[in-house]
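target-v3.pdb follows (PDB, C-alpha atoms, pLDDT in the B column):
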ATOM      1  CA  MET A 136     -15.302  54.441  42.234  1.00 56.00           C
ATOM      2  CA  THR A 137     -17.508  56.536  40.120  1.00 69.00           C
ATOM      3  CA  THR A 138     -19.784  55.405  37.343  1.00 71.00           C
ATOM      4  CA  SER A 139     -17.531  57.029  34.749  1.00 67.00           C
ATOM      5  CA  MET A 140     -14.764  54.617  35.666  1.00 65.00           C
ATOM      6  CA  TYR A 141     -17.148  51.675  35.185  1.00 65.00           C
ATOM      7  CA  GLU A 142     -18.250  53.076  31.830  1.00 68.00           C
ATOM      8  CA  ALA A 143     -14.592  53.514  30.719  1.00 64.00           C
ATOM      9  CA  ALA A 144     -13.744  49.957  31.790  1.00 63.00           C
ATOM     10  CA  ALA A 145     -16.792  48.629  29.946  1.00 68.00           C
ATOM     11  CA  GLY A 146     -15.743  50.563  26.817  1.00 68.00           C
ATOM     12  CA  VAL A 147     -12.286  48.970  26.852  1.00 70.00           C
ATOM     13  CA  GLN A 148     -13.844  45.557  27.426  1.00 78.00           C
ATOM     14  CA  VAL A 149     -16.220  46.030  24.491  1.00 79.00           C
ATOM     15  CA  PHE A 150     -13.275  47.079  22.307  1.00 81.00           C
ATOM     16  CA  GLY A 151     -11.518  43.799  23.207  1.00 81.00           C
ATOM     17  CA  TYR A 152     -14.618  41.785  22.292  1.00 84.00           C
ATOM     18  CA  VAL A 153     -14.930  43.616  18.973  1.00 86.00           C
ATOM     19  CA  LEU A 154     -11.233  43.003  18.249  1.00 89.00           C
ATOM     20  CA  ILE A 155     -11.644  39.257  18.936  1.00 91.00           C
ATOM     21  CA  LEU A 156     -14.747  39.176  16.695  1.00 92.00           C
ATOM     22  CA  VAL A 157     -12.901  40.904  13.838  1.00 95.00           C
ATOM     23  CA  ALA A 158      -9.935  38.507  14.172  1.00 96.00           C
ATOM     24  CA  GLY A 159     -12.307  35.528  14.108  1.00 96.00           C
ATOM     25  CA  LEU A 160     -14.070  36.818  11.007  1.00 97.00           C
ATOM     26  CA  ALA A 161     -10.680  37.319   9.322  1.00 97.00           C
ATOM     27  CA  CYS A 162      -9.735  33.699  10.096  1.00 97.00           C
ATOM     28  CA  VAL A 163     -13.040  32.409   8.713  1.00 97.00           C
ATOM     29  CA  ALA A 164     -12.621  34.528   5.573  1.00 98.00           C
ATOM     30  CA  GLY A 165      -9.085  33.137   5.120  1.00 97.00           C
ATOM     31  CA  LEU A 166     -10.334  29.559   5.460  1.00 98.00           C
ATOM     32  CA  ILE A 167     -13.106  30.135   2.933  1.00 98.00           C
ATOM     33  CA  TRP A 168     -10.601  31.672   0.490  1.00 98.00           C
ATOM     34  CA  ALA A 169      -8.210  28.729   0.935  1.00 97.00           C
ATOM     35  CA  PHE A 170     -11.031  26.222   0.374  1.00 97.00           C
ATOM     36  CA  ARG A 171     -12.125  27.947  -2.844  1.00 97.00           C
ATOM     37  CA  LEU A 172      -8.513  28.141  -4.067  1.00 97.00           C
ATOM     38  CA  GLY A 173      -8.083  24.416  -3.403  1.00 96.00           C
ATOM     39  CA  ALA A 174     -11.300  23.642  -5.289  1.00 96.00           C
ATOM     40  CA  LYS A 175     -10.113  25.651  -8.308  1.00 96.00           C
ATOM     41  CA  VAL A 176      -6.753  23.848  -8.309  1.00 95.00           C
ATOM     42  CA  ARG A 177      -8.484  20.471  -8.073  1.00 93.00           C
ATOM     43  CA  GLU A 178     -10.747  21.310 -11.028  1.00 93.00           C
ATOM     44  CA  ARG A 179      -7.654  21.898 -13.199  1.00 95.00           C
ATOM     45  CA  GLU A 180      -6.141  18.496 -12.306  1.00 94.00           C
ATOM     46  CA  PRO A 181      -6.811  15.538 -14.592  1.00 92.00           C
ATOM     47  CA  ALA A 182      -9.536  13.135 -13.556  1.00 90.00           C
ATOM     48  CA  PRO A 183      -8.557   9.819 -11.988  1.00 90.00           C
ATOM     49  CA  PRO A 184      -8.186   6.975 -14.497  1.00 90.00           C
ATOM     50  CA  ARG A 185     -11.270   4.998 -15.442  1.00 93.00           C
ATOM     51  CA  PRO A 186     -11.321   1.224 -14.852  1.00 90.00           C
ATOM     52  CA  ASP A 187     -10.548   0.519 -18.528  1.00 91.00           C
ATOM     53  CA  GLU A 188      -7.464   2.811 -18.279  1.00 91.00           C
ATOM     54  CA  GLN A 189      -5.958   0.904 -15.345  1.00 90.00           C
ATOM     55  CA  PRO A 190      -2.774  -1.149 -15.884  1.00 87.00           C
ATOM     56  CA  ARG A 191      -3.325  -4.799 -16.765  1.00 88.00           C
ATOM     57  CA  VAL A 192      -1.366  -7.959 -15.994  1.00 89.00           C
ATOM     58  CA  PRO A 193       0.758  -9.013 -18.993  1.00 88.00           C
ATOM     59  CA  PRO A 194      -0.478 -12.050 -20.947  1.00 89.00           C
ATOM     60  CA  SER A 195       2.535 -14.054 -19.721  1.00 89.00           C
ATOM     61  CA  GLY A 196       1.341 -13.627 -16.141  1.00 86.00           C
ATOM     62  CA  PRO A 197       2.478 -11.472 -13.243  1.00 86.00           C
ATOM     63  CA  VAL A 198       6.071 -10.328 -13.146  1.00 83.00           C
ATOM     64  CA  ARG A 199       7.980 -11.950 -10.312  1.00 84.00           C
ATOM     65  CA  GLU A 200      10.865 -10.626  -8.291  1.00 85.00           C
ATOM     66  CA  VAL A 201      14.290 -11.966  -9.205  1.00 82.00           C
ATOM     67  CA  GLN A 202      16.800 -12.380  -6.406  1.00 85.00           C
ATOM     68  CA  GLU A 203      20.398 -12.830  -7.401  1.00 87.00           C
ATOM     69  CA  MET A 204      23.782 -11.972  -6.005  1.00 87.00           C
ATOM     70  CA  ARG A 205      25.580  -9.339  -8.102  1.00 86.00           C
ATOM     71  CA  GLU A 206      29.139  -8.083  -8.201  1.00 85.00           C
ATOM     72  CA  PRO A 207      30.452  -4.798  -9.617  1.00 82.00           C
ATOM     73  CA  ASP A 208      32.160  -4.566 -12.976  1.00 78.00           C
ATOM     74  CA  GLU A 209      35.878  -3.899 -13.062  1.00 78.00           C
ATOM     75  CA  VAL A 210      36.902  -0.312 -12.331  1.00 75.00           C
ATOM     76  CA  PRO A 211      38.700   1.197 -15.337  1.00 72.00           C
ATOM     77  CA  ARG A 212      42.379   1.936 -14.830  1.00 74.00           C
ATOM     78  CA  ALA A 213      44.182   5.065 -15.968  1.00 73.00           C
ATOM     79  CA  ALA A 214      46.340   4.734 -19.079  1.00 74.00           C
ATOM     80  CA  ASP A 215      49.348   6.274 -17.336  1.00 72.00           C
ATOM     81  CA  GLY A 216      50.298   5.628 -13.765  1.00 67.00           C
ATOM     82  CA  ASP A 217      50.423   9.404 -13.194  1.00 69.00           C
ATOM     83  CA  GLU A 218      46.937  10.194 -14.501  1.00 75.00           C
ATOM     84  CA  ARG A 219      44.140  10.372 -11.991  1.00 80.00           C
ATOM     85  CA  LEU A 220      40.617   9.193 -12.879  1.00 78.00           C
ATOM     86  CA  THR A 221      37.704  11.356 -11.809  1.00 81.00           C
ATOM     87  CA  PRO A 222      34.066  10.246 -11.449  1.00 79.00           C
ATOM     88  CA  HIS A 223      33.044  11.384 -14.933  1.00 79.00           C
ATOM     89  CA  HIS A 224      35.567   8.928 -16.421  1.00 75.00           C
ATOM     90  CA  PHE A 225      33.671   6.015 -14.876  1.00 76.00           C
ATOM     91  CA  GLY A 226      30.207   6.748 -16.290  1.00 73.00           C
ATOM     92  CA  ASN A 227      27.506   4.425 -14.981  1.00 75.00           C
ATOM     93  CA  VAL A 228      29.147   1.680 -13.000  1.00 73.00           C
ATOM     94  CA  GLY A 229      27.392  -1.531 -13.896  1.00 77.00           C
ATOM     95  CA  SER A 230      27.185  -4.873 -12.243  1.00 83.00           C
ATOM     96  CA  LYS A 231      26.986  -8.477 -13.366  1.00 85.00           C
ATOM     97  CA  PRO A 232      25.633 -11.663 -11.840  1.00 86.00           C
ATOM     98  CA  ALA A 233      28.080 -13.191  -9.378  1.00 86.00           C
ATOM     99  CA  GLU A 234      29.480 -16.649 -10.016  1.00 86.00           C
ATOM    100  CA  ASP A 235      28.645 -17.730  -6.469  1.00 86.00           C
ATOM    101  CA  GLN A 236      24.889 -17.229  -5.995  1.00 85.00           C
ATOM    102  CA  SER A 237      24.835 -18.385  -2.343  1.00 83.00           C
ATOM    103  CA  ARG A 238      23.840 -15.692   0.100  1.00 79.00           C
ATOM    104  CA  PRO A 239      26.516 -14.542   2.561  1.00 73.00           C
ATOM    105  CA  ARG A 240      25.787 -15.544   6.146  1.00 71.00           C
ATOM    106  CA  TRP A 241      27.074 -14.206   9.425  1.00 68.00           C
ATOM    107  CA  SER A 242      30.274 -15.702  10.630  1.00 67.00           C
ATOM    108  CA  PRO A 243      29.872 -17.883  13.702  1.00 65.00           C
ATOM    109  CA  GLY A 244      30.815 -16.012  16.837  1.00 62.00           C
ATOM    110  CA  SER A 245      30.362 -12.561  15.331  1.00 62.00           C
ATOM    111  CA  SER A 246      27.964 -10.045  16.809  1.00 57.00           C
ATOM    112  CA  GLY A 247      26.151  -9.492  13.511  1.00 56.00           C
ATOM    113  CA  SER A 248      26.446  -5.726  13.436  1.00 62.00           C
ATOM    114  CA  PHE A 249      28.813  -2.950  14.358  1.00 60.00           C
ATOM    115  CA  GLY A 250      28.202  -1.919  17.946  1.00 59.00           C
ATOM    116  CA  GLY A 251      25.782  -4.807  18.463  1.00 58.00           C
ATOM    117  CA  GLY A 252      27.128  -5.451  21.936  1.00 58.00           C
ATOM    118  CA  GLY A 253      28.402  -8.951  21.250  1.00 56.00           C
ATOM    119  CA  GLY A 254      31.864 -10.222  21.853  1.00 57.00           C
ATOM    120  CA  GLY A 255      32.687 -10.222  18.169  1.00 53.00           C
ATOM    121  CA  ARG A 256      35.399 -12.419  16.737  1.00 55.00           C
ATOM    122  CA  THR A 257      37.910 -13.576  19.277  1.00 54.00           C
TER     123      THR A 257
END
Whole structure, C-alpha cells version:
Amino acid sequence: MTTSMYEAAAGVQVFGYVLILVAGLACVAGLIWAFRLGAKVREREPAPPRPDEQPRVPPSGPVREVQEMREPDEVPRAADGDERLTPHHFGNVGSKPAEDQSRPRWSPGSSGSFGGGGGGRT
C-alpha cells in the first residue's frame, strides 16, 4: 500500500467523524429548542391554586359514599305494535332505588364467573 491510500482512508474516516459531530450538534440544538418551547408554553399556563383557593370540606362534614341497589326505569313502549322505537325515543334512561336492597350473592355450587373452570350448576 502506498501512503496515498492511507491518506484517502484517513480522509473518509475524518468525514465520518465530522458527520457524526454535525448530527450530534443537530440533536442538541433540537433538544434546546424543545426545552425553550416547553418553557414558553408553561409560562402561558395558569399558576397552580394558592392554599386559600383550594376546595374546602362543606360545613355539614365530608360527603360520604352511598351504596344502594338500583333498578332501571320501565322502557317506553311504542304506541302501535308496528312502530319501532329507536334510541333517540328513549332519551336518558334513568334508574330508581330497588325495593330489595340486599346485595346479590353467588349461587351455591356455581363457579362465580364465566369460564372460571368450576363445575357450574349441576
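If you apply the PyMOL selection byres ((chain A and resi 203) around 8) to this structure, you end up with A:Val201, A:Gln202, A:Met204, A:Arg205, A:Pro232, A:Ala233, A:Gln236.
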Between CA of Gly173 in chain A and CA of Gly159 in chain A, distance in Å (one decimal): 21.2 Å
Expand the PyMOL selection byres ((chain A and resi 230) around 7) into the individual residues it matches in the shown file, reporting them as a PyMOL selection string. chain A and resi 205-208+228-229+231-232
Could you work out how far CA of Pro181 in chain A lies from CA of Gly165 in chain A, giving the answer in Å with one decimal?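 Going from CA of Gly165 in chain A over to CA of Pro181 in chain A, I get 26.5 Å.
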Would you compute the distance between CA of Phe225 in chain A and CA of Val210 in chain A? Give it in Å to one decimal. 7.5 Å
Is it possible to get the axis-aligned box enclosing range 167-184 of chain A (all listed atoms, 5 Å extra per side) as JSON, with centre and edge lengths in Å rounded to one decimal?
{"center_x": -9.6, "center_y": 19.3, "center_z": -5.8, "size_x": 17.0, "size_y": 34.7, "size_z": 27.5}
